[in-house]
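protein.txt, holding compact mmCIF, C-alpha atoms:
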# COMPACT_ATOMS: atom_id res chain seq x y z
CA MET A 148 0.00 0.00 0.00
CA SER A 149 1.40 3.38 -0.97
CA THR A 150 1.85 6.21 1.49
CA SER A 151 1.11 9.84 0.64
CA PRO A 152 3.84 12.46 0.86
CA SER A 153 2.02 14.17 3.75
CA THR A 154 2.20 10.92 5.76
CA HIS A 155 5.96 10.79 5.34
CA LEU A 156 6.23 14.41 6.42
CA ARG A 157 4.12 13.89 9.54
CA ALA A 158 6.10 10.79 10.48
CA GLY A 159 9.31 12.81 10.18
CA VAL A 160 8.33 15.54 12.67
CA THR A 161 11.11 15.89 15.22
CA PRO A 162 10.94 16.75 18.95
CA VAL A 163 12.56 20.10 18.14
CA GLN A 164 9.76 20.90 15.71
CA ARG A 165 7.13 19.86 18.23
CA ARG A 166 8.69 22.11 20.87
CA ALA A 167 8.72 24.96 18.36
CA ARG A 168 5.02 24.39 17.74
CA VAL A 169 4.31 24.60 21.48
CA ALA A 170 6.35 27.81 21.77
CA ALA A 171 4.56 29.43 18.84
CA SER A 172 1.18 28.39 20.25
CA ALA A 173 2.14 30.00 23.56
CA GLY A 174 3.02 33.18 21.66
CA PHE A 175 -0.40 33.23 20.01
CA ALA A 176 -2.13 32.57 23.35
CA THR A 177 -0.20 35.35 25.08
CA GLN A 178 -1.06 37.83 22.34
CA GLY A 179 -4.74 36.97 22.70
CA PHE A 180 -4.58 37.11 26.51
CA VAL A 181 -3.02 40.57 26.71
CA PHE A 182 -5.00 41.99 23.79
CA ALA A 183 -8.32 40.92 25.31
CA MET A 184 -7.45 42.32 28.73
CA VAL A 185 -6.41 45.66 27.26
CA LEU A 186 -9.55 46.01 25.15
CA THR A 187 -12.00 44.93 27.82
CA SER A 188 -10.38 47.46 30.17
CA LEU A 189 -11.32 50.39 27.92
CA THR A 190 -14.51 51.15 29.84
CA ALA A 191 -12.47 51.31 33.06
CA PHE A 192 -9.98 53.68 31.40
CA LYS A 193 -12.86 55.89 30.24
CA ASP A 194 -14.02 56.25 33.84
CA ARG A 195 -10.53 56.54 35.29
CA TYR A 196 -9.39 59.40 33.03
CA GLY A 197 -12.76 60.92 32.14
CA ILE A 198 -12.41 60.41 28.39
CA GLY A 199 -15.03 59.81 25.70
CA ASP A 200 -15.54 57.51 22.70
CA LEU A 201 -13.72 59.86 20.30
CA THR A 202 -10.64 59.81 22.53
CA ILE A 203 -10.77 56.02 22.66
CA ALA A 204 -11.02 55.99 18.86
CA ALA A 205 -7.96 58.26 18.62
CA VAL A 206 -6.01 55.95 20.94
CA ILE A 207 -6.94 52.95 18.81
CA LEU A 208 -5.80 54.80 15.70
CA GLY A 209 -2.47 55.51 17.37
CA VAL A 210 -2.07 51.86 18.37
CA CYS A 211 -2.74 50.76 14.78
CA VAL A 212 -0.24 53.24 13.37
CA MET A 213 2.42 52.11 15.81
CA ALA A 214 1.56 48.48 15.06
CA GLY A 215 2.42 49.25 11.45
CA VAL A 216 5.79 50.48 12.68
CA GLY A 217 6.16 47.24 14.63
CA THR A 218 5.43 45.20 11.50
CA PHE A 219 8.07 47.19 9.59
CA LEU A 220 10.59 46.45 12.35
CA ALA A 221 9.57 42.78 12.31
CA ASP A 222 10.37 42.54 8.60
CA ARG A 223 13.83 43.98 9.22
CA VAL A 224 14.60 41.84 12.28
CA ALA A 225 13.41 38.70 10.46
CA ARG A 226 16.21 39.23 7.91
CA THR A 227 18.88 38.97 10.61
CA SER A 228 20.40 35.78 11.97
CA GLY A 229 17.74 35.68 14.71
CA GLY A 230 14.93 35.42 12.17
CA SER A 231 11.28 35.29 13.19
CA ARG A 232 12.21 33.80 16.57
CA ALA A 233 13.98 37.04 17.45
CA VAL A 234 10.99 39.04 16.16
CA LEU A 235 8.57 37.22 18.44
CA THR A 236 10.87 37.30 21.47
CA ALA A 237 11.50 41.03 21.16
CA GLY A 238 7.84 41.77 20.47
CA LEU A 239 6.73 39.97 23.62
CA GLY A 240 9.28 41.97 25.62
CA VAL A 241 7.91 45.24 24.23
CA VAL A 242 4.34 44.17 25.04
CA ALA A 243 5.35 43.35 28.64
CA ALA A 244 6.90 46.79 29.09
CA ALA A 245 3.90 48.54 27.54
CA VAL A 246 1.41 46.81 29.83
CA VAL A 247 3.35 48.01 32.87
CA VAL A 248 3.11 51.61 31.63
CA VAL A 249 -0.60 51.31 30.78
CA SER A 250 -1.44 49.69 34.12
CA THR A 251 0.32 52.31 36.23
CA ALA A 252 -0.21 55.49 34.16
CA PRO A 253 -1.03 58.35 36.58
CA VAL A 254 -2.39 60.64 33.84
CA PHE A 255 -3.85 60.19 30.37
CA ALA A 256 -0.68 61.43 28.61
CA VAL A 257 1.33 58.57 30.13
CA LEU A 258 -1.45 56.14 29.20
CA ALA A 259 -1.21 57.32 25.57
CA VAL A 260 2.55 56.68 25.58
CA GLY A 261 1.93 53.20 26.99
CA PHE A 262 -0.54 52.43 24.22
CA ALA A 263 1.95 53.67 21.59
CA ILE A 264 4.58 51.28 22.96
CA TYR A 265 1.99 48.52 23.03
CA GLY A 266 1.22 49.18 19.37
CA VAL A 267 4.84 48.54 18.40
CA GLY A 268 4.88 45.30 20.37
CA LEU A 269 1.51 44.28 18.93
CA GLY A 270 2.81 44.62 15.37
CA MET A 271 5.98 42.68 16.13
CA VAL A 272 4.14 39.85 17.89
CA ASP A 273 1.47 39.62 15.18
CA ALA A 274 4.13 39.31 12.50
CA GLY A 275 6.40 37.07 14.56
CA THR A 276 3.70 34.57 15.51
CA ASN A 277 2.49 34.27 11.92
CA MET A 278 6.05 33.91 10.60
CA GLN A 279 6.76 31.14 13.09
CA ALA A 280 3.42 29.44 12.44
CA VAL A 281 3.81 29.43 8.66
CA ALA A 282 7.33 27.99 8.91
CA ILE A 283 6.24 25.29 11.38
CA GLN A 284 3.26 24.44 9.19
CA ARG A 285 5.66 23.93 6.30
CA ASP A 286 7.82 21.64 8.48
CA TYR A 287 4.79 19.52 9.37
CA GLY A 288 3.52 19.37 5.80
CA ARG A 289 -0.15 19.92 6.71
CA SER A 290 -2.49 22.75 7.62
CA LEU A 291 -1.93 24.05 11.16
CA LEU A 292 -2.78 27.75 11.00
CA THR A 293 -6.33 27.60 12.36
CA GLY A 294 -5.01 25.57 15.29
CA PHE A 295 -2.47 28.29 16.11
CA TYR A 296 -5.22 30.89 15.98
CA ALA A 297 -7.29 28.68 18.29
CA ALA A 298 -4.54 29.23 20.87
CA TRP A 299 -4.99 32.98 20.36
CA SER A 300 -8.73 32.61 21.00
CA ALA A 301 -8.11 30.55 24.14
CA GLY A 302 -5.79 33.22 25.48
CA GLY A 303 -8.32 35.90 24.59
CA ILE A 304 -11.05 34.07 26.49
CA LEU A 305 -8.85 33.82 29.59
CA GLY A 306 -8.01 37.51 29.38
CA THR A 307 -11.64 38.52 28.96
CA VAL A 308 -12.76 36.34 31.86
CA ALA A 309 -9.97 37.71 34.06
CA ILE A 310 -11.17 41.28 33.52
CA ALA A 311 -14.86 40.34 33.72
CA VAL A 312 -14.63 38.56 37.09
CA SER A 313 -12.42 41.29 38.56
CA THR A 314 -14.69 44.16 37.50
CA ASP A 315 -15.90 46.05 40.61
CA ARG A 316 -13.91 43.61 42.75
CA VAL A 317 -10.27 44.51 42.07
CA PRO A 318 -9.33 48.21 41.91
CA THR A 319 -8.03 49.72 38.66
CA ASP A 320 -6.96 53.02 40.20
CA PRO A 321 -4.18 53.94 40.74
CA VAL A 322 -2.89 50.61 39.36
CA ALA A 323 -4.75 48.13 37.14
CA LEU A 324 -3.55 45.12 39.09
CA VAL A 325 -5.17 42.39 36.98
CA LEU A 326 -3.83 43.89 33.75
CA LEU A 327 -0.29 43.66 35.15
CA SER A 328 -0.52 39.86 34.98
CA GLY A 329 -0.21 40.25 31.21
CA SER A 330 3.36 41.49 31.64
CA VAL A 331 4.30 38.45 33.71
CA VAL A 332 2.87 36.06 31.12
CA ALA A 333 4.52 37.92 28.21
CA VAL A 334 7.96 37.79 29.83
CA ALA A 335 7.63 34.07 30.61
CA VAL A 336 6.61 33.22 27.05
CA ALA A 337 9.36 35.43 25.60
CA VAL A 338 11.87 33.27 27.47
CA LEU A 339 10.15 30.12 26.15
CA VAL A 340 10.24 31.36 22.55
CA ALA A 341 13.89 32.40 22.83
CA ALA A 342 14.78 28.89 24.01
CA ARG A 343 12.38 26.72 21.98
CA GLY A 344 11.17 28.81 19.03
CA ARG A 345 11.82 27.70 15.47
CA ARG A 346 15.21 28.81 14.20
CA ASP A 347 14.93 30.12 10.66
CA GLU A 348 17.43 29.64 7.89
CA VAL A 349 17.82 33.25 6.82
CA PRO A 350 19.38 33.94 3.40
CA LEU A 351 22.28 36.37 3.48
CA HIS A 352 22.23 39.78 1.81
CA VAL A 353 18.50 39.94 1.11
CA GLU A 354 17.82 42.75 -1.32
CA THR A 355 14.74 44.84 -1.92
CA VAL A 356 11.63 42.83 -2.80
CA ALA A 357 10.84 42.73 -6.50
CA VAL A 358 7.17 42.84 -7.54
CA VAL A 359 5.94 40.44 -10.19
CA PRO A 360 2.47 40.40 -11.76
CA SER A 361 1.37 36.85 -10.99
CA VAL A 362 2.15 33.56 -9.30
CA ASP A 363 3.20 32.03 -12.59
CA ALA A 364 5.82 34.73 -13.04
CA ALA A 365 7.21 34.07 -9.57
CA VAL A 366 8.12 30.48 -10.31
CA PRO A 367 10.74 31.01 -13.01
CA ALA A 368 12.10 33.98 -11.09
CA ALA A 369 12.61 31.84 -8.01
CA THR A 370 14.20 29.12 -10.13
CA ALA A 371 16.57 31.57 -11.76
CA SER A 372 17.69 32.99 -8.43
CA ALA A 373 18.29 29.49 -7.10
CA SER A 374 20.49 28.58 -10.06
CA THR A 375 22.74 31.62 -9.85
CA SER A 376 25.02 32.85 -7.15
CA GLY A 377 24.55 36.21 -5.48
CA PRO A 378 21.90 37.92 -3.40
CA THR A 379 18.50 36.33 -2.84
CA ARG A 380 15.64 38.32 -4.36
CA PRO A 381 12.20 37.31 -3.06
CA ASP A 382 9.68 37.76 -5.89
CA ILE A 383 6.29 38.47 -4.32
CA PRO A 384 3.25 38.26 -6.62
CA TRP A 385 1.15 41.23 -5.58
CA ALA A 386 -2.06 40.32 -7.45
CA PRO A 387 -2.91 37.23 -5.33
CA LEU A 388 -1.45 38.94 -2.25
CA LEU A 389 -3.94 41.78 -2.68
CA VAL A 390 -6.80 39.28 -2.85
CA LEU A 391 -5.73 37.91 0.50
CA GLY A 392 -5.09 41.43 1.79
CA LEU A 393 -8.63 42.54 1.00
CA ALA A 394 -9.99 39.54 2.89
CA VAL A 395 -7.71 40.34 5.84
CA VAL A 396 -8.96 43.95 5.85
CA ALA A 397 -12.60 42.83 5.80
CA TYR A 398 -11.98 40.40 8.65
CA TYR A 399 -10.13 42.85 10.90
CA VAL A 400 -12.71 45.58 10.34
CA ASN A 401 -15.22 43.24 11.98
CA ASP A 402 -12.88 41.73 14.54
CA GLN A 403 -11.65 45.10 15.76
CA ALA A 404 -15.17 46.52 15.85
CA ILE A 405 -16.33 43.63 18.03
CA SER A 406 -13.27 43.46 20.28
CA THR A 407 -13.13 47.22 20.87
CA TRP A 408 -16.74 48.30 20.94
CA SER A 409 -18.80 45.29 22.04
CA PRO A 410 -18.38 46.04 25.80
CA ILE A 411 -19.30 49.69 25.18
CA PHE A 412 -22.20 48.59 22.93
CA MET A 413 -23.53 46.36 25.70
CA ASP A 414 -23.16 49.18 28.22
CA GLU A 415 -24.42 52.22 26.32
CA VAL A 416 -26.88 50.81 23.76
CA LEU A 417 -28.42 47.94 25.73
CA SER A 418 -27.92 49.45 29.22
CA THR A 419 -26.19 46.42 30.71
CA THR A 420 -23.77 46.74 33.62
CA GLY A 421 -20.94 44.91 35.35
CA THR A 422 -19.79 41.50 34.17
CA LEU A 423 -22.56 41.22 31.58
CA THR A 424 -20.98 43.97 29.47
CA LYS A 425 -17.96 41.70 28.85
CA LEU A 426 -19.92 38.60 27.84
CA GLY A 427 -20.51 39.65 24.23
CA TYR A 428 -16.80 39.64 23.48
CA ALA A 429 -16.33 36.48 25.56
CA ALA A 430 -19.01 34.71 23.47
CA TYR A 431 -17.34 35.92 20.28
CA LEU A 432 -13.97 34.58 21.40
CA ALA A 433 -15.45 31.27 22.55
CA MET A 434 -16.93 30.58 19.13
CA THR A 435 -13.78 31.65 17.29
CA LEU A 436 -12.02 29.01 19.37
CA VAL A 437 -14.55 26.34 18.36
CA SER A 438 -14.42 27.22 14.67
CA ARG A 439 -10.62 27.35 14.62
CA LEU A 440 -10.29 23.97 16.28
CA ALA A 441 -12.48 22.55 13.50
CA GLY A 442 -10.96 24.66 10.71
CA ASP A 443 -8.03 22.54 9.51
CA PRO A 444 -10.08 19.31 9.14
CA CYS A 445 -12.79 21.27 7.31
CA VAL A 446 -10.27 22.69 4.85
CA ARG A 447 -8.89 19.24 4.14
CA ARG A 448 -12.39 17.91 3.48
CA TRP A 449 -14.14 20.73 1.61
CA GLY A 450 -11.34 23.03 0.44
CA ARG A 451 -10.30 26.50 1.48
CA ALA A 452 -12.68 28.41 -0.81
CA ARG A 453 -15.84 26.73 0.47
CA VAL A 454 -14.81 27.08 4.10
CA VAL A 455 -14.06 30.79 3.70
CA ARG A 456 -17.36 31.44 1.88
CA VAL A 457 -19.48 29.70 4.53
CA ALA A 458 -17.51 31.37 7.31
CA ALA A 459 -18.18 34.83 5.86
CA ILE A 460 -21.92 34.18 5.48
CA VAL A 461 -22.20 32.89 9.05
CA GLY A 462 -20.24 35.90 10.32
CA SER A 463 -22.53 38.38 8.58
CA ALA A 464 -25.60 36.59 9.98
CA GLY A 465 -24.22 37.00 13.49
CA LEU A 466 -23.64 40.71 12.99
CA LEU A 467 -27.22 41.09 11.75
CA LEU A 468 -28.38 39.66 15.07
CA VAL A 469 -26.28 42.25 16.88
CA LEU A 470 -27.65 45.10 14.74
CA THR A 471 -31.24 44.19 15.54
CA ALA A 472 -30.69 43.31 19.22
CA GLN A 473 -33.14 44.79 21.72
CA ALA A 474 -31.93 42.69 24.63
CA PRO A 475 -28.40 41.76 25.82
CA GLU A 476 -29.13 38.06 25.32
CA GLN A 477 -29.69 38.53 21.58
CA ALA A 478 -26.55 40.63 21.26
CA ILE A 479 -24.47 37.98 23.03
CA LEU A 480 -25.91 35.32 20.70
CA GLY A 481 -25.12 37.51 17.70
CA PHE A 482 -21.51 38.01 18.78
CA ALA A 483 -21.21 34.23 19.28
CA VAL A 484 -22.54 33.44 15.77
CA ALA A 485 -20.25 36.11 14.29
CA GLY A 486 -17.26 34.49 16.00
CA ALA A 487 -18.19 31.07 14.61
CA GLY A 488 -17.82 32.42 11.08
CA LEU A 489 -15.20 35.16 11.29
CA GLY A 490 -12.70 33.11 13.27
CA LEU A 491 -11.52 31.14 10.23
CA ILE A 492 -10.85 33.96 7.79
CA ALA A 493 -7.53 35.38 9.03
CA PRO A 494 -5.68 32.06 9.58
CA LEU A 495 -6.74 30.78 6.15
CA CYS A 496 -5.46 33.98 4.54
CA PHE A 497 -2.02 33.49 6.10
CA SER A 498 -2.13 29.78 5.27
CA ALA A 499 -2.74 30.59 1.61
CA ALA A 500 -0.03 33.27 1.57
CA GLU A 501 2.81 30.93 2.55
CA SER A 502 3.37 29.52 -0.92
CA LEU A 503 3.23 32.81 -2.83
CA ALA A 504 7.01 33.24 -2.65
CA PRO A 505 8.65 29.90 -1.73
CA GLY A 506 11.65 30.44 0.50
CA HIS A 507 10.59 33.96 1.48
CA ALA A 508 7.51 33.34 3.59
CA ASP A 509 8.56 35.88 6.23
CA ALA A 510 8.53 38.69 3.67
CA VAL A 511 5.07 37.67 2.44
CA VAL A 512 3.70 37.38 5.98
CA ALA A 513 5.08 40.79 6.97
CA ARG A 514 3.39 42.44 4.00
CA LEU A 515 0.10 40.64 4.50
CA ASN A 516 0.20 41.49 8.20
CA GLY A 517 0.17 45.18 7.24
CA PHE A 518 -3.39 44.78 5.95
CA ASN A 519 -4.32 43.77 9.50
CA TYR A 520 -3.94 47.34 10.72
CA VAL A 521 -5.79 48.90 7.82
CA GLY A 522 -8.78 46.83 8.89
CA ALA A 523 -8.14 47.56 12.57
CA VAL A 524 -8.17 51.31 11.92
CA LEU A 525 -11.41 51.09 9.97
CA GLY A 526 -13.04 48.80 12.53
CA GLY A 527 -11.80 50.49 15.68
CA VAL A 528 -11.82 54.14 14.67
CA PHE A 529 -14.66 54.29 12.13
CA VAL A 530 -17.13 52.41 14.30
CA GLY A 531 -16.31 54.71 17.22
CA ALA A 532 -16.71 57.81 15.07
CA VAL A 533 -20.09 56.66 13.76
CA GLY A 534 -21.18 55.67 17.26
CA SER A 535 -20.18 59.04 18.65
CA ALA A 536 -22.10 60.87 15.91
CA SER A 537 -25.23 58.73 16.14
CA ASN A 538 -25.41 55.31 17.79
CA LEU A 539 -23.03 52.37 18.11
CA ARG A 540 -25.74 50.18 16.62
CA TRP A 541 -25.16 51.92 13.28
CA GLY A 542 -21.43 51.65 13.81
CA PHE A 543 -21.71 47.88 13.33
CA ALA A 544 -23.71 48.18 10.09
CA ILE A 545 -20.84 48.77 7.64
CA PRO A 546 -18.64 45.96 9.09
CA ALA A 547 -21.62 43.63 8.59
CA VAL A 548 -21.73 44.58 4.91
CA LEU A 549 -17.96 44.37 4.44
CA VAL A 550 -17.75 40.79 5.66
CA LEU A 551 -20.01 39.77 2.78
CA ALA A 552 -17.20 40.88 0.47
CA VAL A 553 -15.15 37.99 1.85
CA ALA A 554 -17.81 35.56 0.61
CA VAL A 555 -17.45 37.09 -2.86
CA LEU A 556 -13.66 36.85 -2.73
CA ALA A 557 -13.73 33.28 -1.40
CA GLY A 558 -13.80 31.77 -4.88
CA ARG A 559 -10.32 33.20 -5.47
CA PHE A 560 -8.85 31.32 -2.50
CA GLY A 561 -9.04 28.02 -4.33
CA SER A 562 -7.36 29.41 -7.45
CA LEU A 563 -4.50 31.40 -5.95
CA HIS A 564 -2.25 28.44 -6.64
CA PRO A 565 -3.10 25.92 -9.37
CA ALA A 566 -1.38 23.20 -7.36
CA ASP A 567 -3.91 23.64 -4.54
CA ARG A 568 -6.43 21.70 -6.60
CA ASP A 569 -4.20 18.62 -6.45
CA ALA A 570 -3.81 18.07 -2.70
CA PRO A 571 -2.05 14.65 -2.67
CA ALA A 572 0.67 15.82 -5.05
CA THR A 573 1.23 19.08 -3.18
CA ALA A 574 1.25 18.08 0.45
CA HIS A 575 4.06 20.54 1.02
CA LEU A 576 1.63 23.40 0.35
CA PRO A 577 -0.13 24.04 3.68
CA GLY A 578 -3.86 24.53 3.61
CA ALA A 579 -4.27 23.13 0.09
CA GLY A 580 -7.86 22.88 -1.04
CA ALA A 581 -9.49 19.48 -1.21
As structure tokens:
Amino acid sequence: MSTSPSTHLRAGVTPVQRRARVAASAGFATQGFVFAMVLTSLTAFKDRYGIGDLTIAAVILGVCVMAGVGTFLADRVARTSGGSRAVLTAGLGVVAAAVVVVSTAPVFAVLAVGFAIYGVGLGMVDAGTNMQAVAIQRDYGRSLLTGFYAAWSAGGILGTVAIAVSTDRVPTDPVALVLLSGSVVAVAVAVLVAARGRRDEVPLHVETVAVVPSVDAAVPAATASASTSGPTRPDIPWAPLLVLGLAVVAYYVNDQAISTWSPIFMDEVLSTTGTLTKLGYAAYLAMTLVSRLAGDPCVRRWGRARVVRVAAIVGSAGLLLVLTAQAPEQAILGFAVAGAGLGLIAPLCFSAAESLAPGHADAVVARLNGFNYVGAVLGGVFVGAVGSASNLRWGFAIPAVLVLAVAVLAGRFGSLHPADRDAPATAHLPGAGA
């Protein structure tokens, strides 16, 4: 009986690779843990410093801008001998420092500085975790990205619960004590990643990225560079990358809108108080965890395009429930349904991106990660601006429409790479369609 290439690859996974997978998963979980605690603390910061929704929107904009700076730094650090492991380690260190500043800020100006530092760390960790995950997925020879993102969701749930159960029980002034635990976790995982993270083989003297019009054009270019001596030139096909980028933007518009504004929506629109205000985001995170745990098997069975299309439709249905909610229970259900669909979109985008420029996945991931913050700005800032001008209910309307664009784009996911339609022969391409 013959054995498929993917079986050989799975059988050849080493203990070092397994430890790298654990370290990367811990990085994802830590990012979700800290991110959720910071966002669900926004209502406390509003009360502590006497600021409004527009100020919160401005802070979010600043975080997104600085996250773009962090992604730029990640691309540069990834080209050094430390590779993506150094990116993730340094990013976690920056996040730990930022959380200390945010937790102890005596005045709003110091808080703003803390959020700026956090933005840099956020960008570095986002890029570093995805770089590590894509490389580890390639080592394993099978789709793993939704599983890594499931770790992010699990961390986010823990962070949300930590803030929810401590609300009105643990003081946030003058020090947000519970939020400080994020620094401890980030430092511990930074040490783990430094010791156990995947060590990249970084090509020397990487030059400026050359843009080519299509995937087909990238193949001979990569072959030519491999057959000649001299600097390595990663040829990145921007046409398929933009398809993935648009899907990433649409996803993060919705994700950021929910993660930033759902507690405030529950508080101001539906007049809920205390722990209940945090349950909408907790329900969203819980269902992203469920969908991401099931994501990789679903892709192997039905293909990436079908999974993305169904996920987008389910996500938009959940947001419709939120838009029409007259009671907190319906809103919580809507956020849960939205999470069940939206949770799969981002990991499948990064999974598809890995094979766009073979041998230069870090460069592709860094560029795709930049679309993350375009969506975050639109979702975090635009929703807040609309909510300040009218009502947060209307702030969620445009994200609900945008996610439908992902369903339209989903058909392109299966055709980004012709080899994806031949899964057994291309087991080295992670996330290949069935």
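Counting from CA of Phe192 in chain A, the distance to CA of Val325 in chain A is 13.5 Å.
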- Message: When you count all atoms listed in the file, which of these residues is closest to Pro253 in chain A: A:Ala547, A:Val272, A:Val322, A:Ile198?
- Response: A:Val322
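With all atoms listed in the file as the atoms that count, the residue of A:Leu480, A:Ala452, A:Met413, A:Ala259 with the shortest distance to Ile203 in chain A is A:Ala259.
Going from CA of Met213 in chain A over to CA of Val267 in chain A, you cover 5.0 Å.
When all atoms listed in the file are used to compute distances to Gly230 in chain A, the closest of the residues A:Pro162, A:Gly209, A:Gly275, A:Gly558 turns out to be A:Gly275.
Across the model, the gap from CA of Leu391 in chain A to CA of Phe518 in chain A is 9.1 Å.
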With C-alpha atoms retained, output range 221-265 of chain A as a PDB file, in the first residue's frame.
ATOM      1  CA  ALA A 221       9.572  42.778  12.305  1.00  0.00           C
ATOM      2  CA  ASP A 222      10.371  42.542   8.595  1.00  0.00           C
ATOM      3  CA  ARG A 223      13.826  43.982   9.225  1.00  0.00           C
ATOM      4  CA  VAL A 224      14.597  41.843  12.276  1.00  0.00           C
ATOM      5  CA  ALA A 225      13.415  38.700  10.458  1.00  0.00           C
ATOM      6  CA  ARG A 226      16.213  39.228   7.913  1.00  0.00           C
ATOM      7  CA  THR A 227      18.881  38.970  10.611  1.00  0.00           C
ATOM      8  CA  SER A 228      20.400  35.778  11.974  1.00  0.00           C
ATOM      9  CA  GLY A 229      17.741  35.680  14.712  1.00  0.00           C
ATOM     10  CA  GLY A 230      14.935  35.418  12.166  1.00  0.00           C
ATOM     11  CA  SER A 231      11.280  35.290  13.192  1.00  0.00           C
ATOM     12  CA  ARG A 232      12.207  33.798  16.568  1.00  0.00           C
ATOM     13  CA  ALA A 233      13.977  37.043  17.452  1.00  0.00           C
ATOM     14  CA  VAL A 234      10.989  39.035  16.161  1.00  0.00           C
ATOM     15  CA  LEU A 235       8.573  37.218  18.439  1.00  0.00           C
ATOM     16  CA  THR A 236      10.871  37.300  21.467  1.00  0.00           C
ATOM     17  CA  ALA A 237      11.498  41.029  21.158  1.00  0.00           C
ATOM     18  CA  GLY A 238       7.839  41.770  20.472  1.00  0.00           C
ATOM     19  CA  LEU A 239       6.728  39.974  23.624  1.00  0.00           C
ATOM     20  CA  GLY A 240       9.281  41.967  25.619  1.00  0.00           C
ATOM     21  CA  VAL A 241       7.912  45.244  24.234  1.00  0.00           C
ATOM     22  CA  VAL A 242       4.340  44.168  25.044  1.00  0.00           C
ATOM     23  CA  ALA A 243       5.354  43.352  28.635  1.00  0.00           C
ATOM     24  CA  ALA A 244       6.901  46.789  29.087  1.00  0.00           C
ATOM     25  CA  ALA A 245       3.901  48.536  27.537  1.00  0.00           C
ATOM     26  CA  VAL A 246       1.414  46.810  29.830  1.00  0.00           C
ATOM     27  CA  VAL A 247       3.354  48.012  32.870  1.00  0.00           C
ATOM     28  CA  VAL A 248       3.108  51.607  31.626  1.00  0.00           C
ATOM     29  CA  VAL A 249      -0.597  51.308  30.784  1.00  0.00           C
ATOM     30  CA  SER A 250      -1.437  49.686  34.118  1.00  0.00           C
ATOM     31  CA  THR A 251       0.323  52.306  36.225  1.00  0.00           C
ATOM     32  CA  ALA A 252      -0.206  55.492  34.161  1.00  0.00           C
ATOM     33  CA  PRO A 253      -1.027  58.354  36.578  1.00  0.00           C
ATOM     34  CA  VAL A 254      -2.395  60.635  33.840  1.00  0.00           C
ATOM     35  CA  PHE A 255      -3.846  60.190  30.370  1.00  0.00           C
ATOM     36  CA  ALA A 256      -0.683  61.427  28.612  1.00  0.00           C
ATOM     37  CA  VAL A 257       1.328  58.568  30.126  1.00  0.00           C
ATOM     38  CA  LEU A 258      -1.450  56.143  29.199  1.00  0.00           C
ATOM     39  CA  ALA A 259      -1.215  57.317  25.570  1.00  0.00           C
ATOM     40  CA  VAL A 260       2.545  56.683  25.581  1.00  0.00           C
ATOM     41  CA  GLY A 261       1.934  53.201  26.986  1.00  0.00           C
ATOM     42  CA  PHE A 262      -0.540  52.434  24.215  1.00  0.00           C
ATOM     43  CA  ALA A 263       1.947  53.666  21.594  1.00  0.00           C
ATOM     44  CA  ILE A 264       4.579  51.280  22.957  1.00  0.00           C
ATOM     45  CA  TYR A 265       1.990  48.523  23.031  1.00  0.00           C
TER      46      TYR A 265
END
